[in-house]
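Heads up, start.csv below (CSV, C-alpha atoms):
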```
chain,number,residue,atom,x,y,z
H,1,MET,CA,-13.3,1.0,-7.6
H,2,ARG,CA,-13.6,-1.8,-10.0
H,3,PRO,CA,-12.7,-1.7,-13.7
H,4,THR,CA,-15.4,-2.9,-16.2
H,5,GLU,CA,-15.0,-6.2,-17.9
H,6,ALA,CA,-14.4,-4.2,-21.1
H,7,GLN,CA,-11.5,-2.4,-19.5
H,8,ILE,CA,-10.0,-5.6,-18.3
H,9,ALA,CA,-10.4,-7.2,-21.7
H,10,ALA,CA,-8.7,-4.2,-23.3
H,11,LEU,CA,-5.8,-4.5,-20.9
H,12,MET,CA,-5.3,-8.1,-21.8
H,13,ARG,CA,-5.5,-7.3,-25.5
H,14,ARG,CA,-2.8,-4.7,-25.1
H,15,ASP,CA,-0.5,-7.1,-23.4
H,16,PRO,CA,-1.2,-10.7,-24.6
H,17,VAL,CA,1.6,-12.0,-22.3
H,18,LEU,CA,-0.2,-10.7,-19.2
H,19,GLY,CA,-3.5,-11.9,-20.6
H,20,ALA,CA,-2.3,-15.4,-21.0
H,21,ALA,CA,-0.9,-15.4,-17.5
H,22,THR,CA,-4.1,-14.2,-15.9
H,23,LYS,CA,-6.0,-17.2,-17.2
H,24,ARG,CA,-4.4,-19.3,-14.5
H,25,LEU,CA,-4.7,-16.7,-11.7
H,26,PRO,CA,-7.7,-15.7,-9.5
H,27,SER,CA,-10.1,-13.0,-10.9
H,28,PHE,CA,-9.2,-9.4,-10.1
H,29,PRO,CA,-11.2,-8.2,-7.0
H,30,HIS,CA,-12.4,-4.7,-6.6
H,31,PHE,CA,-10.2,-2.2,-4.8
H,32,PRO,CA,-9.9,-1.5,-2.0
H,33,VAL,CA,-9.6,-5.1,-0.9
H,34,GLY,CA,-9.8,-4.7,2.8
H,35,ILE,CA,-6.1,-5.0,3.7
H,36,LEU,CA,-6.0,-1.5,5.1
H,37,ARG,CA,-9.1,-1.4,7.2
H,38,GLY,CA,-10.4,1.4,9.5
H,39,PRO,CA,-9.8,5.2,9.4
H,40,TYR,CA,-7.0,6.7,7.4
H,41,PHE,CA,-4.7,7.1,10.4
H,42,GLN,CA,-5.1,3.4,11.3
H,43,ALA,CA,-4.5,2.3,7.7
H,44,LEU,CA,-1.3,4.3,7.5
H,45,ALA,CA,-0.2,3.2,11.0
H,46,ARG,CA,-0.7,-0.4,9.9
H,47,SER,CA,1.5,0.2,6.8
H,48,ILE,CA,4.2,1.6,9.0
H,49,VAL,CA,4.1,-1.4,11.3
H,50,TYR,CA,4.2,-3.9,8.4
H,51,GLN,CA,7.2,-2.3,6.6
H,52,GLN,CA,10.0,-4.8,6.0
H,53,LEU,CA,8.6,-7.4,8.3
H,54,ALA,CA,7.2,-10.9,7.6
H,55,THR,CA,3.4,-10.8,7.6
H,56,ARG,CA,3.0,-13.0,10.7
H,57,ALA,CA,5.5,-11.0,12.8
H,58,ALA,CA,4.0,-7.7,11.7
H,59,GLY,CA,0.5,-8.9,12.5
H,60,THR,CA,1.5,-9.8,16.0
H,61,ILE,CA,3.1,-6.4,16.7
H,62,TYR,CA,0.1,-4.6,15.1
H,63,GLY,CA,-2.2,-6.5,17.4
H,64,ARG,CA,-0.2,-5.5,20.4
H,65,VAL,CA,-0.2,-1.8,19.4
H,66,ARG,CA,-4.0,-2.1,18.9
H,67,ARG,CA,-4.4,-3.4,22.4
H,68,LEU,CA,-2.6,-0.4,23.9
H,69,ALA,CA,-5.7,1.7,23.1
H,70,PRO,CA,-8.1,2.3,26.1
H,71,GLY,CA,-11.0,1.0,24.0
H,72,PRO,CA,-11.7,-1.8,21.5
H,73,HIS,CA,-10.4,0.1,18.5
H,74,PHE,CA,-6.9,1.0,17.2
H,75,PRO,CA,-5.4,4.1,19.0
H,76,THR,CA,-6.5,7.4,17.7
H,77,PRO,CA,-3.7,10.0,17.0
H,78,ASP,CA,-4.2,11.6,20.4
H,79,GLN,CA,-4.1,8.2,22.1
H,80,MET,CA,-1.0,7.3,20.2
H,81,LEU,CA,0.8,10.4,21.4
H,82,ALA,CA,-0.2,9.6,25.0
H,83,LEU,CA,1.6,6.2,24.9
H,84,SER,CA,5.1,6.1,26.3
H,85,ASP,CA,8.2,4.9,24.4
H,86,GLU,CA,8.4,2.0,26.8
H,87,GLN,CA,4.8,0.9,25.8
H,88,LEU,CA,5.6,1.1,22.1
H,89,ARG,CA,8.8,-0.8,22.5
H,90,GLY,CA,7.1,-3.3,24.6
H,91,ALA,CA,4.6,-3.9,21.8
H,92,GLY,CA,7.6,-4.9,19.6
H,93,LEU,CA,8.0,-1.7,17.6
H,94,SER,CA,11.5,-0.6,16.6
H,95,GLY,CA,12.6,2.9,17.6
H,96,ASN,CA,12.2,4.1,14.0
H,97,LYS,CA,8.7,2.7,13.7
H,98,ALA,CA,7.7,4.3,17.0
H,99,LYS,CA,9.1,7.6,15.7
H,100,ALA,CA,7.2,7.3,12.5
H,101,LEU,CA,3.9,6.6,14.3
H,102,ARG,CA,4.5,9.6,16.6
H,103,ASP,CA,5.3,11.9,13.7
H,104,LEU,CA,2.2,10.8,11.8
H,105,ALA,CA,0.0,11.3,14.9
H,106,THR,CA,1.6,14.7,15.6
H,107,LYS,CA,1.1,16.0,12.1
H,108,ILE,CA,-2.6,14.9,12.2
H,109,VAL,CA,-3.2,16.4,15.7
H,110,THR,CA,-1.6,19.7,14.8
H,111,GLY,CA,-3.3,19.9,11.4
H,112,GLU,CA,-0.1,19.9,9.5
H,113,LEU,CA,-1.4,16.8,7.7
H,114,ARG,CA,-5.1,16.8,6.9
H,115,LEU,CA,-6.4,13.3,6.0
H,116,ARG,CA,-10.0,14.3,5.7
H,117,GLY,CA,-10.7,14.7,2.0
H,118,ILE,CA,-7.4,13.2,0.9
H,119,GLY,CA,-9.4,10.8,-1.2
H,120,ARG,CA,-10.3,13.7,-3.5
H,121,ARG,CA,-6.7,14.6,-4.2
H,122,ASP,CA,-4.8,13.2,-7.2
H,123,ASP,CA,-2.2,10.4,-6.8
H,124,ASP,CA,0.9,12.7,-6.9
H,125,GLU,CA,-0.6,15.0,-4.3
H,126,VAL,CA,-1.5,12.1,-2.0
H,127,ILE,CA,2.1,10.8,-2.3
H,128,ARG,CA,3.5,14.3,-1.7
H,129,LEU,CA,1.4,14.8,1.5
H,130,LEU,CA,2.0,11.4,3.0
H,131,THR,CA,5.8,11.4,2.4
H,132,THR,CA,6.1,14.6,4.6
H,133,VAL,CA,5.7,12.1,7.5
H,134,TRP,CA,9.0,10.7,8.9
H,135,GLY,CA,9.2,7.0,7.9
H,136,ILE,CA,6.5,7.1,5.2
H,137,GLY,CA,8.1,6.8,1.8
H,138,GLU,CA,6.7,6.4,-1.7
H,139,TRP,CA,6.0,2.7,-1.4
H,140,THR,CA,3.9,3.2,1.7
H,141,ALA,CA,2.0,6.0,0.0
H,142,GLN,CA,1.4,3.8,-3.1
H,143,MET,CA,0.0,1.0,-0.9
H,144,PHE,CA,-2.4,3.5,0.6
H,145,LEU,CA,-3.4,4.7,-2.8
H,146,ILE,CA,-4.1,1.2,-4.1
H,147,PHE,CA,-5.5,-0.6,-1.1
H,148,LYS,CA,-7.2,2.2,0.9
H,149,LEU,CA,-8.2,4.7,-1.8
H,150,GLY,CA,-8.7,2.1,-4.5
H,151,ARG,CA,-6.8,3.9,-7.2
H,152,LEU,CA,-6.5,1.8,-10.4
H,153,ASP,CA,-3.4,3.3,-12.1
H,154,VAL,CA,-0.6,3.1,-9.6
H,155,MET,CA,2.6,1.2,-10.3
H,156,PRO,CA,4.8,0.5,-7.3
H,157,SER,CA,7.9,-0.1,-9.3
H,158,GLY,CA,10.2,-0.4,-6.3
H,159,ASP,CA,8.1,-3.2,-4.8
H,160,LEU,CA,10.1,-6.5,-4.8
H,161,GLY,CA,6.9,-8.5,-5.3
H,162,VAL,CA,6.1,-6.5,-8.4
H,163,GLN,CA,9.6,-6.9,-9.7
H,164,GLU,CA,9.6,-10.6,-9.1
H,165,GLY,CA,6.2,-11.0,-10.8
H,166,LEU,CA,7.5,-9.2,-13.8
H,167,ARG,CA,10.6,-11.5,-13.9
H,168,ILE,CA,8.2,-14.5,-13.9
H,169,LEU,CA,5.9,-12.9,-16.5
H,170,ASP,CA,8.6,-12.1,-19.0
H,171,GLY,CA,10.9,-14.9,-18.2
H,172,LEU,CA,13.8,-12.6,-17.2
H,173,ASP,CA,17.1,-13.9,-15.7
H,174,GLY,CA,16.8,-11.5,-12.8
H,175,ARG,CA,14.5,-9.0,-11.2
H,176,PRO,CA,14.1,-5.9,-13.3
H,177,SER,CA,15.0,-2.4,-12.0
H,178,PRO,CA,12.3,0.1,-11.0
H,179,ASP,CA,13.0,2.0,-14.2
H,180,THR,CA,12.5,-1.1,-16.3
H,181,VAL,CA,9.3,-1.9,-14.5
H,182,LEU,CA,8.0,1.6,-15.1
H,183,ALA,CA,8.8,1.4,-18.8
H,184,ARG,CA,7.2,-2.0,-19.1
H,185,ALA,CA,4.1,-0.8,-17.3
H,186,GLU,CA,3.3,1.9,-19.8
H,187,ILE,CA,1.2,-0.5,-21.8
H,188,TRP,CA,-0.9,-1.2,-18.7
H,189,ARG,CA,-2.2,2.4,-18.3
H,190,PRO,CA,-4.8,3.3,-17.1
H,191,LEU,CA,-4.9,0.0,-15.0
H,192,ARG,CA,-1.4,-0.3,-13.7
H,193,SER,CA,-2.7,-1.2,-10.2
H,194,VAL,CA,-4.6,-4.1,-11.8
H,195,ALA,CA,-1.5,-5.3,-13.5
H,196,ALA,CA,0.5,-5.0,-10.3
H,197,TRP,CA,-2.1,-7.1,-8.5
H,198,TYR,CA,-1.6,-9.9,-11.1
H,199,LEU,CA,2.1,-9.6,-10.7
H,200,TRP,CA,1.8,-10.1,-7.0
H,201,ARG,CA,-0.4,-13.2,-7.7
H,202,LEU,CA,2.2,-14.6,-10.0
H,203,THR,CA,4.6,-14.8,-7.0
H,204,ASP,CA,2.1,-16.6,-4.8
H,205,GLY,CA,2.8,-20.0,-6.4
```
Using structure tokens, write down the structure from this file.
Amino acid sequence: MRPTEAQIAALMRRDPVLGAATKRLPSFPHFPVGILRGPYFQALARSIVYQQLATRAAGTIYGRVRRLAPGPHFPTPDQMLALSDEQLRGAGLSGNKAKALRDLATKIVTGELRLRGIGRRDDDEVIRLLTTVWGIGEWTAQMFLIFKLGRLDVMPSGDLGVQEGLRILDGLDGRPSPDTVLARAEIWRPLRSVAAWYLWRLTDG
């Protein structure tokens, strides 16, 4: 999804501080932006692999897991369950991440988690469903909402990049708490994902 120019302009009028900052930042792209490519299972598996890792290291491990599939694509849930613990550890996955991938694959195979049609559910329901998987928390579900489903009004207040971006934006002495981020973000509705994207860009420089 992509907000209209009028919606973006209205957001900047509501928050002139954010509006001024965006003038020196790249233009907002449409969501999803391609970070979480492939089927829903693959997108969620990628998010699990990348949790709490530097991008380069996570990318290396993700590539190794992908190459464990019998074909050219990322393993399907059934193929993931057929892999041994030794194979997953050999790819560089921690025990917790291997457990999370197995739980995700198991819930999909058994039908406990139905990803087909999840894009038609509201944000809170998507978060509720995804966080039934061991190792998937609110942050991972929020990244799925923003970067896979293209939802425009998600505020990942616990994200360190968002917190750091708000610190820079408002000239704060330290990173704000998640509650402070949420309160500050009220003015950005219904485009909080857009504001979050700009906060991330503020930390790039």
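The environment of Arg184 in chain H within 12 Å, counting only C-alpha atoms and disregarding residues fewer than 4 places along the same chain, consists of Arg14, Asp15, Val17, Leu18, Met155, Ser157, Val162, Gln163, Leu166, Arg167, Leu169, Asp170, Pro176, Ser177, Pro178, Asp179, Thr180, Trp188, Arg189, Arg192, Ala195 and Ala196 of chain H.
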- Message: Could you check the closest approach to Val49 in chain H for each of H:Thr131, H:Thr22, H:Thr140, H:Thr106 and tell me which residue wins, using all atoms listed in the file?
- Response: H:Thr140
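Between CA of Leu104 in chain H and CA of Trp200 in chain H there is a distance of 28.1 Å.
Proximity ranking of H:Gly135, H:Gly111, H:Gly171, H:Pro190 relative to Lys97 in chain H places H:Gly135 first, based on all atoms listed in the file.
Considering only C-alpha atoms, the residue among H:Leu182, H:Leu81, H:Leu129, H:Leu25 positioned nearest to Trp197 in chain H is H:Leu25.
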- Excluding same-chain residues fewer than 3 positions from Leu113 in chain H, what lies within 9 Å of it counting all atoms listed in the file, as a list in words? Leu104, Thr106, Lys107, Ile108, Val109, Thr110, Leu129, Leu130, Thr132 and Val133 of chain H
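In this comparison, which uses all atoms listed in the file, the residue of H:Gly63, H:Gly174, H:Gly150, H:Gly71 approaching Ala45 in chain H most closely is H:Gly63.
Distance annotation: of H:Ala20, H:Leu68, H:Met143, H:Ile118, the residue with the minimal separation from Ala91 in chain H is H:Leu68; atom set is only C-alpha atoms.
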- Nearest to Val126 in chain H among H:Ala100, H:Val154, H:Leu172, H:Leu53, with distances taken over all atoms listed in the file: which residue is it? H:Val154
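CA of Leu149 in chain H sits 11.0 Å away from CA of Gly117 in chain H.
Put simply, CA of Ile187 in chain H is 11.4 Å away from CA of Asp153 in chain H.
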Step by step, gather every atom of range 166-178 of chain H that the file lists, find the box along x, y and z that holds them, add 6 Å on each side, and finally give centre and edge lengths in Å to one decimal, as lines of an AutoDock Vina configuration file.
```
center_x = 11.5
center_y = -7.4
center_z = -15.0
size_x = 23.2
size_y = 27.0
size_z = 20.0
```
